[in-house]
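Enquirer: This is the structure I have questions about; it appears just below.
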Amino acid sequence: MNRKPPRVFYGWWIVGSAFFVALYTSGTIGYGFTAVFEPLANEFGWSYTQISLGASLRGLEIGLLAPVVGLLVDRWGPRRLMLGGVTFTALGLIVLSRTTSLGMFYGAMALLAIGVSTSSSTVLMTAVTNWFNRRVGMAIGIAAAGHGFGGLLVPVVVKLIDVYEWRTAMAILGVGMLAIGLPLSALVRHKPEQYGYHLDGDADSGTAPGSGGIPVQADQVDFGVKQAVKSRMFWHIALALAFQSMVLGAVTTHIMPYLSSVGIARATAGLAASGVPLLSIIGRLSFGRLADEFDKRQVVAGGFAIMTIGLLFFNYVDTSRMWLLVLFVSLFGIGQGGLVVMRVALLREYFGRANFGAIHGFVVGILALGRVAGASLPGMAYDNWGGYQNIWLGFAALIAVALLIGATMPPLRAAAQPTDR
C-alpha cells in the first residue's frame, strides 16, 4: 500500500541524519586526530612512527570490517549498525582518554575503527542511495558534505585540548558522540519500499529517460557481489581511489606536525587542517551535481588533477610562502571532497542498488589498505630524516597514476553486463 507523498520526502531526513553523523565522526576522529598527535608524543615520548601506526591500525580495522559491514547493512539495514557504531565510537574515545600505554592506545584505535566502520562511510552511503535514483548525486553530495563540515570541529578539538588537556577533551567528545549520534541513528530507515514510498519520493516508481538524472538503465543493472568484483570497472574504481586514499591518510594524519616542522604556528596549522575538509564541501556539493549531469569518468579525472596540483603546492609551503598553503587547502580540499561523492555515484551507476552496501564495503576495504600505508609513510620519513622533505612530491605522483586509471574506466554500456552471480 502506497502512502500519500509527504511535503518533505523521508529520504531527505535520512540525508540530514547522515550529514550530522558524518560531521561529528569526521571532525573528531578523522580530521581531528591530527590535533592529538603532538600531545601524545610529548606526554609519552612515543615516536611519530608509533603514533602513525595507531592511525594505521584504525584504518586497517575499518578496511577489514568494511566488506562484512557492507553485507550486514544490505541484510539488516543501516539503523542497527549505526546505533552500535555510535556506542563503540564513544567507548573508543573514552578509552583513549584513559590511555596509559602504547598497547592501550592501539586498543582505543581498534574500538574507534569498529565504531566508525559501523556508523559512517558504507552504512551512511547505503542508507542514502537506497532512497534516491534521479537525485542520487545531489543526495550523496549533501550527506557527504557532513564530512567536510567536520572540519569546523578541528579548531574546537584543538581548543578543548589546549584548555582542558587532551584526556578531558577526548572524554568530552565521547559523551558528545552519544548525545548526538544515538538520536540521529534512530531516524534512519532501510529502503523506501518497506514504508510505502518510491525512490526520490515519486508518485510511481518509473523514471523517464533523459530526465537529467541517472538513466533507467542504471537502476535496472544489479550486480551480485562476485560479479562486481570480477569486473574491470570495479578494479578501476578501487585501485584509483586506493591511491587517493593513501594520500588522504598521509595528509590528514600529518598536516599539523608537517606544518609545525616548517615553522608554521600550531594555531595556523589547525586552521589549515580544518580548511581541507571545509573546502571539500565545495567539491562534495558541486561534484554531486556534476555526477547527475555529465560523464562521471570525466568528473573523476578532474578531481584527481586538482588534487595533484594541490599536493605540489603543499610540498613547498613555508613561513615565507603562506599563499601556497592557501592554494593547497583550496585545491586539495575541493578535489578530495568531490572524489568521495564520485566513488558512491560510480558504484551506484555501474552496479545498481540491490547489493550496493556489500560492493561499497569491498571497495572501502581496499581503500583502507591504502590509507594505512599513507598514514605510516610520512611518520617513517620524519623519524629517519628529521623532516618530511619531498615526500609530498611522491604522493603527487601517486595521484597522477590514479588519474590515468580513472580516465581509462570503461563506459557504462561496456561495463554494465552482469552475466552471473
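Each chain in the C-alpha cells gets a letter, A, B and so on, in the order shown; residues start at 1 in every chain, and ligands are counted from 1 in the order they appear.
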Run DSSP on the backbone and grab whatever in segment 63-263 of chain A lands in alpha helix (DSSP H); send it over as a PyMOL selection string.

Expert: chain A and resi 63-76+78-97+102-117+122-129+136-149+153-164+166-186+216-220+225-230+232-261

Enquirer: Residues within 12 Å of Leu324 of chain A, please, as a list of chain:residue names. Count only C-alpha atoms; anything in the same chain fewer than 4 positions from it doesn't count.

Expert: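 The neighbour list is A:Ala272, A:Ile309, A:Gly310, A:Leu311, A:Leu312, A:Phe313, A:Phe314, A:Asn315, A:Tyr316, A:Val317, A:Asp318, A:Thr319, A:Ser320, A:Phe328, A:Val329, A:Ser330, A:Leu331, A:Phe332.
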
Enquirer: Using N, CA, C and O atoms, can you export the residues from the last selection as a short mmCIF file (atom, residue, chain, number, x, y, z; two decimals), in the first residue's frame?

Expert:
```
data_model
loop_
_atom_site.label_atom_id
_atom_site.label_comp_id
_atom_site.auth_asym_id
_atom_site.auth_seq_id
_atom_site.Cartn_x
_atom_site.Cartn_y
_atom_site.Cartn_z
N ALA A 272 44.53 25.22 8.91
CA ALA A 272 44.74 24.53 7.64
C ALA A 272 44.12 23.13 7.68
O ALA A 272 43.50 22.68 6.71
N ILE A 309 47.75 18.97 -8.31
CA ILE A 309 48.28 20.33 -8.28
C ILE A 309 48.39 20.84 -6.84
O ILE A 309 49.38 21.46 -6.45
N GLY A 310 47.37 20.54 -6.04
CA GLY A 310 47.39 20.97 -4.65
C GLY A 310 48.56 20.39 -3.87
O GLY A 310 49.22 21.10 -3.08
N LEU A 311 48.88 19.12 -4.10
CA LEU A 311 50.00 18.50 -3.39
C LEU A 311 51.34 19.10 -3.80
O LEU A 311 52.26 19.21 -2.97
N LEU A 312 51.47 19.48 -5.05
CA LEU A 312 52.71 20.14 -5.49
C LEU A 312 52.92 21.44 -4.72
O LEU A 312 54.05 21.76 -4.30
N PHE A 313 51.87 22.19 -4.50
CA PHE A 313 51.98 23.42 -3.71
C PHE A 313 52.33 23.10 -2.25
O PHE A 313 53.14 23.78 -1.63
N PHE A 314 51.72 22.05 -1.71
CA PHE A 314 51.92 21.68 -0.31
C PHE A 314 53.39 21.38 -0.01
O PHE A 314 53.90 21.71 1.06
N ASN A 315 54.06 20.78 -0.95
CA ASN A 315 55.46 20.38 -0.73
C ASN A 315 56.37 21.57 -0.48
O ASN A 315 57.39 21.44 0.19
N TYR A 316 56.02 22.74 -1.01
CA TYR A 316 56.90 23.90 -0.93
C TYR A 316 56.42 24.97 0.04
O TYR A 316 56.92 26.10 0.04
N VAL A 317 55.47 24.62 0.90
CA VAL A 317 54.98 25.57 1.89
C VAL A 317 56.05 25.88 2.93
O VAL A 317 56.76 24.99 3.39
N ASP A 318 56.20 27.15 3.30
CA ASP A 318 56.99 27.55 4.45
C ASP A 318 56.47 28.91 4.92
O ASP A 318 55.50 29.44 4.37
N THR A 319 57.10 29.46 5.93
CA THR A 319 56.59 30.71 6.51
C THR A 319 56.64 31.89 5.55
O THR A 319 55.93 32.87 5.72
N SER A 320 57.49 31.82 4.55
CA SER A 320 57.59 32.92 3.59
C SER A 320 56.68 32.74 2.38
O SER A 320 56.56 33.63 1.55
N PHE A 328 46.97 25.11 -1.59
CA PHE A 328 46.88 23.68 -1.29
C PHE A 328 45.55 23.33 -0.64
O PHE A 328 44.86 22.39 -1.06
N VAL A 329 45.20 24.06 0.41
CA VAL A 329 43.96 23.77 1.13
C VAL A 329 42.77 23.84 0.18
O VAL A 329 41.87 22.97 0.22
N SER A 330 42.75 24.83 -0.70
CA SER A 330 41.62 25.01 -1.61
C SER A 330 41.54 23.88 -2.63
O SER A 330 40.50 23.22 -2.78
N LEU A 331 42.64 23.63 -3.32
CA LEU A 331 42.62 22.64 -4.40
C LEU A 331 42.51 21.21 -3.86
O LEU A 331 41.70 20.42 -4.36
N PHE A 332 43.30 20.88 -2.88
CA PHE A 332 43.27 19.53 -2.33
C PHE A 332 41.90 19.25 -1.71
O PHE A 332 41.33 18.17 -1.88
#
```

Enquirer: Counting only C-alpha atoms, what is within 12 Å of Phe149 of chain A, bar same-chain residues fewer than 5 positions away, as a ChimeraX atom specification?

Expert: /A:19-28,30-32,142-144,154-155,274-285,333,337

Enquirer: Which of these residues is nearest to Ala301 of chain A, using only C-alpha atoms: A:Val341, A:Leu404, A:Ala250, A:Leu182?

Expert: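 So, comparing all the options, the nearest one is A:Leu404.
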